Amino acid sequence: MDEVYKLLKDDTEIVEKLDQGSVIRNFYTDQIIFITDPTSLLGEIIVEKLLRCCSQLKKLYILFKDTGGMTVQDEMKKYFESSAFDTLRNKIPDFYDKIVPIKGNLLAEDIALSGNDKNDIIDNVNFIIHNASANQFGDTVKSILQLNVLGTKRILDIAKDCENLKTFVYVSSVYAHCNEIDIKEKLYPCSADLKIIHDMIAADTENKNGLSKAALEMILGDYPDAYTFSKAIAEFIIDECSKKSNFRSVIFRPSLELPSYKEPIAGWCHKDKGPISGFIGITLGAIHTIWAQDKAIDFIPSDMCGNALLASIWDASFTGEKHEEAIVYNYGSSMVKPVTLRKITNLLENAASDRPSMKMICANYTVITKCYWLWFLLNVMIHVVPAAIVDGFSLLRSKEPTALTSYCEATRNLESVQYFLNGEWRVHVEKMQQLCDRMSETDSTLFYCDIRKFRWEDYADPFWNGLRVYAIDDPMDSLIEAKQQFYKLRIRHYISLSAVLIFISYIIIQFI
Ligand SMILES: NC(=O)c1ccc[n+]([C@@H]2O[C@H](COP(=O)([O-])OP(=O)(O)OC[C@H]3O[C@@H](n4cnc5c(N)ncnc54)[C@H](OP(=O)(O)O)[C@@H]3O)[C@@H](O)[C@H]2O)c1
């Protein structure tokens, strides 16, 4: 009878738990998670979601990069002052109790953890989310390889010692395999090993100007840059480790991250990060011509990406076994809800015209062309020549000419961006869709990540509002003034356009 009672009791508990709603939330109950890189947009969104929606979590270890300045407690305090945590602070004021902030550096041995922190992690942690990364914009070949490959190896070495580790999650990128057209949710063969990485780092360090372009291109083969190459190698290292260890490994590959759709605040984003900076240039009227094909570009809102990551950890716990190869989930939109750059730019420009920003420097219009030479010509006419004219006027007024320098600065990564705007990739997400189908109704709402249910048209407003307020730093209360200014910018734009057209007509008439 006791046995029957026990079963009944257990069942009741399970039913009660399910009744409370979320299976995924229950999955994280009493678990201890360690996350590297809380400060990126995705990292911040994951930390916020875990603390707000999985409040039964036991502990969250957060790795702050050791910059030698503030104490880790001050670092944590400053971090949680962000508006991203406003709802969390109101809803769960004692959330701090769950957090264990630690200082470390993925570039150093043992990621520079103190002995106590390391032991604590090794004894307790159930899940590791490795999100920290260097990117192709601004980081050198050496720093990309050191952080993305050797840093990943270091954190895996710690993971191997963790006694209670269930799953190691690596945040990769769908473009880790941009040498393929069809990017499937599977592992791909690796073209390099750790020895090559060490050699590349040594060569990049020894040469004053870093690895030569020719040498780099030869090693990278069909990878466009050291970032995508490093992500592919990191995946390989994780898979190798997965087959030998007692924990499960998940490789989660997001595509290009955009501001959040709904949480923690609709449109939440950071300044100058990833593709977001390009859209700032477009909406503020600084970028007017882009060379891009009329094909789907893989974008995703970052909150849906964070939800998909947390859901994939849950999903993998049913599908993966220890000592098996890593489980891969892609998270992209191109196969399910494709959007072209032209469409998303139009949506965004319309929203920006409705609620313009004081920081707009020109009327926002963008000519997107598939033809490189047409783009080149327009670029010279619309961007370079006006910048040179502005600089000329500055010189005449004995002011420092800055327009051309700003243009060069803004287009520093143009080649790399153009590669991604002109390729054709199909990001397969079948496994991710099956995951969404397995989610309960409550979880589909709480951890919304089903791209099939997403509409770009509904996203345009949060996207622009978020860019305006959080990335451009222009609060909505400037709207009336901004509308008046936008009106003037438009008139100025039509006058200059008319002047250019009259000038071109005049030249043509002279030749007829
Ligand atoms: N952004 C995208 O569109 C995109 C697309 C696909 C995949 N991903 C992946 O998503 C993840 C987040 O990307 P992100 O672009 O949002 O990143 P990010 O903004 O460039 O942030 C990189 C993070 O890594 C941390 N970090 C750098 N060096 C470190 C070190 N030595 N030790 C410890 N931490 C260090 C940084 O900390 P500090 O802030 O303290 O410097 C920062 O928080 C990455 O794995 C990336 O590959 C991003």
# chains A, B, ... in the order shown; residues from 1 in each chain; ligands from 1

call {"tool": "residues_around", "arguments": {"residues": "segment 101-113 of chain A", "least_positions_apart": "6", "cutoff": "12 Å", "atoms": "only C-alpha atoms", "output": "PyMOL selection string"}}
result
chain A and resi 33-38+47+59-80+119-122+130-134+142-159+161

call {"tool": "residues_around", "arguments": {"residues": "Lys488 of chain A", "least_positions_apart": "2", "cutoff": "12 Å", "atoms": "only C-alpha atoms", "output": "list in words"}}
result
Pro356, Met358, Met360, Ile361, Cys362, Ala363, Glu481, Ala482, Lys483, Gln484, Gln485, Phe486, Arg490, Ile491, Arg492, His493, Tyr494 and Ile495 of chain A

call {"tool": "write_last_selection", "arguments": {"atoms": "C-alpha atoms", "output": "compact mmCIF listing (two decimals), in the first residue's frame"}}
result
# COMPACT_ATOMS: atom_id res chain seq x y z
CA PRO A 356 11.84 59.47 -36.93
CA MET A 358 16.53 63.35 -33.90
CA MET A 360 18.93 61.20 -38.50
CA ILE A 361 21.44 62.98 -40.67
CA CYS A 362 19.61 62.65 -43.96
CA ALA A 363 16.31 61.33 -45.34
CA GLU A 481 10.73 67.61 -32.64
CA ALA A 482 12.16 64.71 -34.66
CA LYS A 483 9.16 64.72 -36.99
CA GLN A 484 9.70 68.41 -37.76
CA GLN A 485 13.38 67.79 -38.40
CA PHE A 486 12.60 64.76 -40.60
CA ARG A 490 13.01 65.23 -46.72
CA ILE A 491 12.58 68.62 -48.36
CA ARG A 492 16.36 69.02 -48.48
CA HIS A 493 16.62 65.55 -50.01
CA TYR A 494 14.06 66.30 -52.76
CA ILE A 495 15.74 69.62 -53.56

call {"tool": "closest_residue", "arguments": {"among": "A:Phe85, A:Phe279, A:Tyr448, A:Tyr506", "to": "Leu310 of chain A", "atoms": "only C-alpha atoms"}}
result
A:Tyr448

call {"tool": "select_by_dssp", "arguments": {"residues": "segment 356-510 of chain A", "states": "strand (DSSP E)", "output": "MDAnalysis selection string"}}
result
chainID A and resid 367:369 426:427

call {"tool": "write_last_selection", "arguments": {"atoms": "N, CA and C atoms", "output": "PDB file, in the first residue's frame"}}
result
ATOM      1  N   VAL A 367      19.142  52.353 -51.819  1.00  0.00           N
ATOM      2  CA  VAL A 367      19.086  51.667 -53.109  1.00  0.00           C
ATOM      3  C   VAL A 367      19.860  50.363 -52.949  1.00  0.00           C
ATOM      4  N   ILE A 368      19.141  49.253 -53.067  1.00  0.00           N
ATOM      5  CA  ILE A 368      19.817  47.950 -52.952  1.00  0.00           C
ATOM      6  C   ILE A 368      19.917  47.369 -54.357  1.00  0.00           C
ATOM      7  N   THR A 369      21.124  47.114 -54.776  1.00  0.00           N
ATOM      8  CA  THR A 369      21.289  46.600 -56.137  1.00  0.00           C
ATOM      9  C   THR A 369      22.095  45.299 -56.140  1.00  0.00           C
ATOM     10  N   ARG A 426      21.243  28.090 -47.273  1.00  0.00           N
ATOM     11  CA  ARG A 426      19.964  27.574 -46.785  1.00  0.00           C
ATOM     12  C   ARG A 426      20.229  26.946 -45.422  1.00  0.00           C
ATOM     13  N   VAL A 427      19.716  27.602 -44.402  1.00  0.00           N
ATOM     14  CA  VAL A 427      19.956  27.118 -43.040  1.00  0.00           C
ATOM     15  C   VAL A 427      18.831  26.155 -42.668  1.00  0.00           C
TER      16      VAL A 427
END

call {"tool": "closest_residue", "arguments": {"among": "A:Arg452, A:Arg253, A:Lys370, A:Lys271", "to": "ligand 1", "atoms": "only C-alpha atoms and all ligand atoms"}}
result
A:Arg253

call {"tool": "atom_distance", "arguments": {"atom1": "atom CA of Gly466 of chain A", "atom2": "atom CA of Lys262 of chain A"}}
result
10.3 Å

call {"tool": "atom_distance", "arguments": {"atom1": "atom CA of Phe463 of chain A", "atom2": "atom 41 (O, counted along the ligand's line) of ligand 1"}}
result
24.7 Å

call {"tool": "residues_around", "arguments": {"residues": "segment 406-410 of chain A", "least_positions_apart": "2", "cutoff": "8 Å", "atoms": "only C-alpha atoms", "output": "PyMOL selection string"}}
result
chain A and resi 383-384+387+402-404+412-413
